Each structure stands twice: as C-alpha cells, then as structure tokens.
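Encoded as structure tokens, the structure appears first; notes follow it.
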Amino acid sequence: MGLALIACAAEFANTTVSAATDAGDDFLAGLAQSDACIDFSHHSALEGVLAACIAGKKTLVIGTTGISDAGVARIREAAAHIPIVYSGNYSTGVNTLLWLTRRAAEILGPDFDLEITETHHRMKKDAPSGTAKMLAETLAEVRSLQYNDDVRHGRFGDVGARTQGEIGMHAIRGGDVVGDHTVLFAALGERVELTHKASSRDIFARGAIRAATWAHGKPAGLYDMRDVLGLK
C-alpha cells in the first residue's frame, strides 16, 4: 500500500509525498514535513501514530485493519483533537456497496437471510476483513442486531438450522486476491447478491489520498469515507 500511495499521489495536482516511513524509520521527522498522515501500517503502531499526530496537529487517515475495540475507542478520543478519517476500505466502489447494502436490507426486510463472503490474498493476517466487518455492522444496524453477538463466523458440525437473527460471515484466503466481497440476501424462492471485486490496490490508495485532501482543514472529529463521498 505504501508503494501504491506514492505512485497514485502523482495523479493529484495538489498532493505531494513529503515523506514515506516504514518500521525503523524516523516517523516523527517525516510527519513534521507533512500536513497529513496516511497510515497503512500495523495496528500495533496505532497509539504512537495517534499521539504524534495530535502533538503535531496533523490530519490523519487510518487505513490499518485489525484494530481492536479498545483501539477504536482510542481513535474516537483522538478525534476530539484532530480530524481523523477512519475506514475499513477507501475504495469508492466498496463504499457504494455499503450504501447499496443498507438500502437492500431496508427494502428486502427480515424474510431474507444475510450472509457475507470475503476473499483475500494468502498473506492477509486478520479475518474478517475490515470491509466485511463494515458490511456486517451495516446489516446489524438495519436489523437492530449486535455485531459481537449476532455475527456467526463460519459453521462447522451440527450447528442446527440457521436462525433469523444471525449474520453469516465467511473468510477465504488464497493466491494474490486483492479483495472480493459479496453480500447475499437469500429468501424462499429468490436470492439477491451484491458484489465488489478489487483488482488493484491503487483504488484504496486513491481513496485514502482523496480522504486526506478532503479532511485537511476540517474541524476535529471522526469521519469516514461516507463523509468524504457525501453518502450520508
């Protein structure tokens, strides 16, 4: 993602890459040269990134996945001091999928069972993906369910018949798949499927740069790509 960000930044006339840092580099020196920080690193670095951006009053875009509930709470606290865009996916297409998923769930109603399938490359360490979690949270909100209580991660053995109050979640890993997500609405006699397939990481990089440009100069607060794209 770092290489994709550097390459795609050249497409934006008002954007310059001031510094690129990786593990072991001088992050603070690079941050001092910048107006905004785009973080696609590792969730273990979150606390340091937040503290540095607050101290430097920098706009922050967080694309790192695998962040715990405690980490999300820390992001919310930090957003009281600086503008932060936090999203599980920065693709314009995926965020359109999120909007369509909400509308479909509202229109189709409780007679349709809800299942999510996500596929990523073999090197991805966290599951489900941040995007799949966002999709499940969207469905849970429409159905008045709770993500931690009502999402069923895979099925094995004699688990009994599917209940109406659950959202199925299935993670597939293999090859070099950038990211595929499908939301299945299944009822008696019919199915509706909404699918997004990513073939290049550049779509995430472009979205993150767009988010940084949009958020810079905004009041302190926590934003997501729906804010950036005007989908709220």
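By convention in this document, the chains of the structure tokens carry letters A, B, ... by their order, each chain's residues are numbered from 1, and ligands are numbered from 1 in the order they are shown.
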May I have the residues within 12 Å of Gly217 in chain A as a PDB file with N, CA and C atoms, in the first residue's frame, using only C-alpha atoms and disregarding those fewer than 4 positions away in the same chain?
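Dumped to part_6.pdb:
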ATOM      1  N   ASP A  35       1.408  17.840   6.059  1.00  0.00           N
ATOM      2  CA  ASP A  35       0.140  18.369   6.551  1.00  0.00           C
ATOM      3  C   ASP A  35      -0.761  17.249   7.043  1.00  0.00           C
ATOM      4  N   ALA A  36      -0.623  16.062   6.435  1.00  0.00           N
ATOM      5  CA  ALA A  36      -1.488  14.934   6.767  1.00  0.00           C
ATOM      6  C   ALA A  36      -0.686  13.645   6.757  1.00  0.00           C
ATOM      7  N   LYS A  57      -0.643  18.285  15.469  1.00  0.00           N
ATOM      8  CA  LYS A  57      -1.881  18.826  14.893  1.00  0.00           C
ATOM      9  C   LYS A  57      -2.000  18.471  13.402  1.00  0.00           C
ATOM     10  N   LYS A  58      -1.798  17.205  13.099  1.00  0.00           N
ATOM     11  CA  LYS A  58      -1.831  16.721  11.715  1.00  0.00           C
ATOM     12  C   LYS A  58      -3.141  15.994  11.411  1.00  0.00           C
ATOM     13  N   THR A  59      -3.647  16.195  10.217  1.00  0.00           N
ATOM     14  CA  THR A  59      -4.772  15.403   9.734  1.00  0.00           C
ATOM     15  C   THR A  59      -4.333  13.954   9.596  1.00  0.00           C
ATOM     16  N   LEU A  60      -5.200  13.021  10.003  1.00  0.00           N
ATOM     17  CA  LEU A  60      -4.816  11.612   9.984  1.00  0.00           C
ATOM     18  C   LEU A  60      -5.843  10.777   9.236  1.00  0.00           C
ATOM     19  N   ILE A  82      -8.031  16.264  16.577  1.00  0.00           N
ATOM     20  CA  ILE A  82      -7.629  16.424  15.172  1.00  0.00           C
ATOM     21  C   ILE A  82      -8.673  15.774  14.263  1.00  0.00           C
ATOM     22  N   PRO A  83      -8.718  16.182  12.986  1.00  0.00           N
ATOM     23  CA  PRO A  83      -9.603  15.475  12.045  1.00  0.00           C
ATOM     24  C   PRO A  83      -9.009  14.123  11.672  1.00  0.00           C
ATOM     25  N   ILE A  84      -9.814  13.066  11.829  1.00  0.00           N
ATOM     26  CA  ILE A  84      -9.380  11.709  11.510  1.00  0.00           C
ATOM     27  C   ILE A  84     -10.408  11.067  10.581  1.00  0.00           C
ATOM     28  N   ALA A 211      -9.333  11.199   0.733  1.00  0.00           N
ATOM     29  CA  ALA A 211      -9.795  11.424   2.099  1.00  0.00           C
ATOM     30  C   ALA A 211      -8.899  12.427   2.826  1.00  0.00           C
ATOM     31  N   ALA A 212      -7.587  12.308   2.640  1.00  0.00           N
ATOM     32  CA  ALA A 212      -6.659  13.235   3.296  1.00  0.00           C
ATOM     33  C   ALA A 212      -6.862  14.655   2.791  1.00  0.00           C
ATOM     34  N   THR A 213      -7.039  14.799   1.490  1.00  0.00           N
ATOM     35  CA  THR A 213      -7.272  16.115   0.903  1.00  0.00           C
ATOM     36  C   THR A 213      -8.580  16.721   1.410  1.00  0.00           C
ATOM     37  N   GLY A 221     -12.606  15.793  14.516  1.00  0.00           N
ATOM     38  CA  GLY A 221     -13.758  14.896  14.527  1.00  0.00           C
ATOM     39  C   GLY A 221     -13.411  13.605  13.836  1.00  0.00           C
TER      40      GLY A 221
END
Would you please extract all strand (DSSP E) residues from range 90-156 of chain A, as assigned by DSSP on the backbone, and give them as a list in words?
Asp113, Leu114, Glu115, Ile116, Thr117, Glu118, Thr119, His120, Val151, Arg152 and His153 of chain A
List every residue of range 55-127 of chain A that DSSP, applied to the backbone, labels as alpha helix (DSSP H), and write the result as a ChimeraX atom specification.
/A:55-56,69-78,92-108
Distance table requested - range 60-141 of chain A against range 184-187 of chain A, cut-off 9 Å, only C-alpha atoms: one row per qualifying residue with the closest atom pair and its distance in Å to one decimal, ordered by chain and rising residue number, as JSON lines.
{"residue": "A:Ala104", "atom": "CA", "partner": "A:Phe185", "partner_atom": "CA", "distance": 8.5}
{"residue": "A:Ala105", "atom": "CA", "partner": "A:Phe185", "partner_atom": "CA", "distance": 8.0}
{"residue": "A:Leu108", "atom": "CA", "partner": "A:Phe185", "partner_atom": "CA", "distance": 8.1}
{"residue": "A:Asp111", "atom": "CA", "partner": "A:Ala187", "partner_atom": "CA", "distance": 6.1}
{"residue": "A:Phe112", "atom": "CA", "partner": "A:Ala187", "partner_atom": "CA", "distance": 4.5}
{"residue": "A:Asp113", "atom": "CA", "partner": "A:Ala186", "partner_atom": "CA", "distance": 5.0}
{"residue": "A:Leu114", "atom": "CA", "partner": "A:Phe185", "partner_atom": "CA", "distance": 5.1}
{"residue": "A:Glu115", "atom": "CA", "partner": "A:Leu184", "partner_atom": "CA", "distance": 5.1}
{"residue": "A:Ile116", "atom": "CA", "partner": "A:Leu184", "partner_atom": "CA", "distance": 6.2}
{"residue": "A:Thr117", "atom": "CA", "partner": "A:Leu184", "partner_atom": "CA", "distance": 8.1}
Just the residues within 12 Å of Ser44 in chain A, please, counting only C-alpha atoms, with nothing from its chain fewer than 3 positions along; format it as a PyMOL selection string.
chain A and resi 23+39-41+47-50+64-68+70-71
Of the candidates A:Met123, A:Ile203, A:Ala73, A:Ala220, which one gets nearest to Asn95 in chain A if we count only C-alpha atoms?
A:Ile203
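Relative to CA of Ile75 in chain A, CA of His181 in chain A is found at 25.7 Å.
The two atoms in question, CA of His196 in chain A and CA of Gly179 in chain A, are spaced 8.3 Å apart.
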For each of A:His216, A:Arg201, A:Lys133, A:Lys232, take the minimum atom-to-atom distance to Tyr90 in chain A, counting only C-alpha atoms, then give the residue where this is smallest.
A:Arg201
Compare A:Arg226, A:Arg191, A:Arg103, A:Arg74 by their minimum atom-to-atom distance to Glu141 in chain A, counting only C-alpha atoms, and give me the closest one.
A:Arg103
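Comparing the minimum interatomic distances between Pro219 in chain A and each of A:Ala80, A:Ala140, A:Leu100, A:Leu231, counting only C-alpha atoms, we find that A:Ala80 sits nearest.
For the pair CA of Ala127 in chain A and CA of Val177 in chain A, the separation is 14.4 Å.
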Report as JSON lines: every residue of range 9-93 of chain A with an atom at most 10 Å from range 134-138 of chain A, its closest pair of atoms, and their distance in Å to one decimal, counting only C-alpha atoms, with rows sorted by chain and ascending residue number.
{"residue": "A:Ser87", "atom": "CA", "partner": "A:Met134", "partner_atom": "CA", "distance": 8.5}
{"residue": "A:Gly88", "atom": "CA", "partner": "A:Met134", "partner_atom": "CA", "distance": 6.8}
{"residue": "A:Asn89", "atom": "CA", "partner": "A:Met134", "partner_atom": "CA", "distance": 8.7}
Show which residues sit within 12 Å of Asp149 in chain A, as a CSV table (one decimal) with C-alpha atoms, in the first residue's frame. Count only C-alpha atoms, and ignore same-chain residues fewer than 3 positions away.
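See part-v4.csv below for the written result:
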chain,number,residue,atom,x,y,z
A,136,ALA,CA,-21.9,-6.8,8.8
A,137,GLU,CA,-22.2,-3.7,11.0
A,140,ALA,CA,-26.8,-5.4,12.0
A,144,SER,CA,-31.3,-4.0,15.2
A,145,LEU,CA,-28.7,-6.7,15.9
A,146,GLN,CA,-25.3,-6.6,17.6
A,152,ARG,CA,-21.6,-16.2,13.1
A,153,HIS,CA,-18.1,-16.7,11.8
A,165,GLY,CA,-31.3,-13.3,13.9
A,166,GLU,CA,-27.8,-14.1,12.7
A,167,ILE,CA,-25.5,-12.7,10.0
A,168,GLY,CA,-23.2,-15.3,8.4
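Restricting the calculation to only C-alpha atoms, the smallest distance between Thr96 in chain A and any of A:Thr131, A:Arg173, A:Asn14, A:Ala4 is found for A:Thr131.
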Counting only C-alpha atoms, the option among A:Ala198, A:Ile107, A:Met1, A:Ala7 closest to Arg143 in chain A:
A:Ile107
